[in-house]
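Below is one structure, written out as structure tokens, with a few remarks after it.
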Amino acid sequence: MFRTHDCNSLRKSDIGGQVTLAGWVNVTRDHGGVIFIDLRDREGLTQVVFRPEENAELAREAHTLRSEDVIQVSGRVAARLPGTENPNLATGDVELIPSKLRILNRADTLPFPIDAEPQNEDLRMTHRYFDLRRPRLARNLRVRHRAAKATRDYLDSQGFVEVETPILSKSTPEGARDFLVPSRITPGKFYALPQAPQQYKQLLMVAGVEKYFQIAKCFRDEDMRADRQLEFTQIDIEASFVTPDDIFIVTEGMLAAIFKAALNIDVKTPFDRLTYRDAVNRFGSDKPDRRFGIELVDLGEIFRESSFKVFRSALDASGVVKAINAKGFAGITIGQADELTEIAKLHGAKGLAFIKIENGEWKSPIVKFFSEKEKTALQSKLNIEEGDCVFFGADKWQIACEVLGRLRVRIAEIQDLLGRARQRQSGSDPGAPEWDFLWVTDFPLFEWSPEENKWNAMHHPFTRPKAEDMPLFEAKKFPDVRAEAYDIVLNGVEIGGGSMRIHEPELQDKMFEALGISSEDRQSQFGHLLRALRLGAPPHGGIALGLDRLVMLICDEQSIRDVMAFPKNNRGLDLMSNSPAEVDPRQLRDLGIKLAKEKNL
RNA sequence: GGAGCCUUAGCUCAAUUGGUUAGAGCGCCGCCCUGUCACGGCGGAGGUUGCGGGUUCGAGCCCCGUAGGCUCCGCCA
């Protein structure tokens, strides 16, 4: 037996016993005579004490130990001397007096200290196996495991069956850029790694599985972000003979089970629901963070007849005038105002108008254009008080809402409305974080792509239109057609989305037509699906949740990299293994691939 | 494809307005230290200030370029 206990299990009741522990040297405290070693394994720490008078040979060897050496020690469990107990340690009442020490492996000088937060992410990624030893990341891996296990247990209890779908699959024209895998056996042809198991899970519904799920790896060859990696994991769910409510209920139950398992938190269900239109109207976002206020207020009524040209012309062009009131933000600095103006311009605004209310005075170059009536109406509608700062958006609906929505989030960060900076500074227990779950429903079915000059599916091409909007769909009033599609949002982060699918071949064909996919392409790209729909496809729908993002939020991390064992950096490089890498020319020859010459710069 | 911030010892950081030999803590090496728990004490090694160019009597600091990292926009059905 390699060890009899882990490093977090010895207690007073074990005193006098003979035990063997194994682990890493967490820290050494060498007094010249007596030497203390904190031995660490994944469960915790136990103090090991070497005394020259007990065993001079062992003590001499213990002097050579350094951080992260791997050792095995056997000996007697002893009570600590009175007054030297460590209440901060679960094993702090006892210590191990070894009679045997095996140095299993010595560690080089460490690339970075394991007990501090390294700033250099490059360095962390290069030595990822070492970084993962740090308690924070070790905890994250285990929280992730518990979340995944709770997912399987819960969905199993609801009758869902986990089915694996191919990683080597087929490229489709819609959606993200595919990762391609060349076929050796069929030269010149390629598999694609799945962006999601979307078609397979629908085909499983045709197959009569009825309730499917999978914790599935997905691949998208797009640029990365803190919450986006080339490969990521989805909790993928699909069910037959269901309505959106059925999907909502099972998702809510699953998330409650995950939060119970990971954090021992009871999540309140059912979650609130907001239509896409309301979400954008009130929060300027289809994934609103409702943990703070600053809601968007529509001012169309007030300025309909205004003599202020900027507002009036926006309204006359059937746009909107909206505003947010940042309470107590009149002290905004010039730098902050510049930054917010930049954000506004970046998202399509021509500029940013705002009013500071200081010393009872409305300070802004635009106030002089307002009538008394307009000012009074503004004051009451926005609840304007001393110290407030009001920001305006006057533009097309989409742009005005998005701009104010972005400002809203940034202002909340600047004002620290979630108290994160304070929590970090005080170092105190931040208390229970607030978990704001929200369903956003009734997404538009289509989205206009100016680049391609065509309509694209906002969710995906298999999403069904809302039944009541079918006449609009038939009439090709595409911008007005709503989809039977929904997103699940947690604290302003989109953690999942899904829809009811099209199960009628005729409707699917019309959808492809609307998306400008030729009949030939429909057959070559989606022929199998269309054929399947003709063989008794049941009504079905589902959802997919981003496991990485969900675990990131649960672990209070800022990046999904910190909840993945071996993530890639933001250029898609694995700095540890140095992938991607060149391959042997023979491998390319086998695949019938010839590299193009590098571009001359 | 674009924008912002960053890059000084193994790590985390400092270095006044451009001015002497680029410092500190931790780590590492050596010596001392018998109840610590981030043990302590003394000493030592360790630097092409990412790289290239420019301005200057003089550049870690100013300018230009470039590489890398992170964040964001585009992109992500």
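Letters A, B, ... mark the chains of the structure tokens in the order given; residue numbers begin at 1 per chain; ligand numbers begin at 1, in order shown.
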Identify all residues of range 174-405 of chain A in strand (DSSP E or B) (DSSP on the backbone) and supply them as an MDAnalysis selection string.
-> chainID A and resid 180:182 190:192 211:219 225 228 231:240 272:275 297:298 320:326 353:358 361:363 389:395
Exercise answer, chain A residues close to chain B, 6 Å and only C-alpha atoms (C1' of nucleotides), as a PyMOL selection string | chain A and resi 29+31-34+112+174-175+459-460
Nearby residues (only C-alpha atoms (C1' of nucleotides)) at most 8 Å from Phe232 in chain A, same-chain spacing under 5 positions excluded, as an mmCIF file with C-alpha atoms, in the first residue's frame:
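Below you can see selection.cif, which holds the result:
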```cif
data_model
loop_
_atom_site.group_PDB
_atom_site.id
_atom_site.type_symbol
_atom_site.label_atom_id
_atom_site.label_comp_id
_atom_site.auth_asym_id
_atom_site.auth_seq_id
_atom_site.Cartn_x
_atom_site.Cartn_y
_atom_site.Cartn_z
ATOM 1 C CA LYS A 217 -17.164 18.613 -27.186
ATOM 2 C CA CYS A 218 -17.773 21.254 -29.853
ATOM 3 C CA PHE A 219 -15.312 22.978 -32.174
ATOM 4 C CA GLY A 546 -22.110 26.036 -22.303
ATOM 5 C CA LEU A 547 -20.637 23.940 -19.527
ATOM 6 C CA ASP A 548 -17.430 25.987 -19.449
#
```
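Rounded to one decimal, C1' of U21 in chain B and C1' of G53 in chain B lie 26.9 Å from each other.
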Can you list, as a list in words, every protein, DNA or RNA residue that comes within 12 Å of U7 in chain B when you count only C-alpha atoms (C1' of nucleotides), leaving out same-chain residues fewer than 2 positions away?
->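 Here the answer would be Gln119, Asn120 and Asp122 of chain A; C5, U49, G50, C51, G60, A67, G68, G69 and C70 of chain B.
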Distance criterion (only C-alpha atoms): nearest to Phe241 in chain A out of A:Arg40, A:His503, A:Lys309, A:Arg561 =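 Selected residue with least distance to Phe241 in chain A: A:His503.
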So what do you get for CA of Asp41 in chain A versus CA of Leu575 in chain A, distance-wise?
->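 CA of Leu575 in chain A lies 26.3 Å from CA of Asp41 in chain A.
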Write out as a short mmCIF file (atom, residue, chain, number, x, y, z; two decimals) with C-alpha atoms, in the first residue's frame which residues come within 8 Å of range 190-198 of chain A when counting only C-alpha atoms (C1' of nucleotides), dropping same-chain ones fewer than 2 positions away.
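Result went into selection_6.cif, see below:
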```
data_model
loop_
_atom_site.label_atom_id
_atom_site.label_comp_id
_atom_site.auth_asym_id
_atom_site.auth_seq_id
_atom_site.Cartn_x
_atom_site.Cartn_y
_atom_site.Cartn_z
CA THR A 165 -22.31 11.52 -31.69
CA PRO A 166 -19.41 11.60 -34.16
CA ILE A 167 -16.49 13.96 -33.83
CA LEU A 168 -15.62 13.30 -37.47
CA SER A 169 -18.65 14.77 -39.15
CA LYS A 170 -19.61 16.89 -42.11
CA SER A 171 -19.03 20.53 -42.89
CA ALA A 176 -19.07 29.21 -37.66
CA ASP A 178 -15.32 24.56 -39.42
CA PHE A 179 -12.22 22.70 -38.39
CA LEU A 180 -11.48 20.36 -41.26
CA VAL A 181 -9.94 16.90 -41.07
CA PRO A 182 -8.59 15.50 -44.32
CA SER A 183 -9.59 11.98 -45.23
CA GLY A 188 -9.39 15.29 -51.46
CA TYR A 200 -27.27 14.35 -35.03
CA LYS A 201 -29.49 15.08 -32.08
CA GLN A 202 -32.40 15.90 -34.33
CA ALA A 216 -20.40 17.10 -25.94
CA LYS A 217 -17.16 18.61 -27.19
CA CYS A 218 -17.77 21.25 -29.85
CA PHE A 219 -15.31 22.98 -32.17
CA ARG A 220 -15.48 26.38 -33.81
CA GLN A 234 -21.89 21.79 -24.26
CA ASP A 236 -26.67 19.19 -25.23
#
```
In Å and to one decimal, CA of Glu117 in chain A is distant from CA of Ile560 in chain A by 17.0 Å
Extract, using only C-alpha atoms (C1' of nucleotides), all DNA, RNA and protein residues at most 12 Å from C31 in chain B, discarding same-chain residues fewer than 5 positions from it, and format them as a PyMOL selection string.
-> (chain A and resi 32) or (chain B and resi 41-44)
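Among the candidates A:Leu58, A:Leu346, A:Met458, A:Leu382, the one nearest to A3 in chain B when counting only C-alpha atoms (C1' of nucleotides) is A:Leu346.
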Check the DSSP output for the backbone and give back, as an MDAnalysis selection string, the residues of range 118-235 of chain A in alpha helix (DSSP H).
-> chainID A and resid 121:126 128:131 135:157 198:206
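Nearest to Ala56 in chain A of all the residues A:Pro98, A:Gly393, A:Pro187, A:Pro288 is A:Pro98, based on only C-alpha atoms.
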Write out as JSON lines a residue-level contact list of range 515-592 of chain A versus range 244-258 of chain A with cut-off 9 Å: for each qualifying residue the closest pair of atoms and the distance in Å to one decimal, counting only C-alpha atoms, rows sorted by chain and residue number upward.
```
{"residue": "A:Gly541", "atom": "CA", "partner": "A:Pro244", "partner_atom": "CA", "distance": 7.6}
{"residue": "A:Gly542", "atom": "CA", "partner": "A:Ile247", "partner_atom": "CA", "distance": 6.3}
{"residue": "A:Ile543", "atom": "CA", "partner": "A:Ile247", "partner_atom": "CA", "distance": 7.3}
```
Please identify all polymer residues within 12 Å of A59 in chain B, counting only C-alpha atoms (C1' of nucleotides), omitting same-chain residues fewer than 4 positions from it, and present them as a PDB file with C-alpha atoms (C1' of nucleotides), in the first residue's frame.
```
ATOM      1  C1'   G B  18      16.339  61.418 -19.447  1.00  0.00           C
ATOM      2  C1'   G B  19      21.783  61.347 -15.284  1.00  0.00           C
ATOM      3  C1'   U B  49      15.411  46.338 -19.089  1.00  0.00           C
ATOM      4  C1'   G B  54      16.317  56.625 -33.897  1.00  0.00           C
ATOM      5  C1'   U B  55      16.840  61.325 -30.855  1.00  0.00           C
ATOM      6  C1'   C B  63      10.223  58.641 -30.767  1.00  0.00           C
TER       7        C B  63
END
```
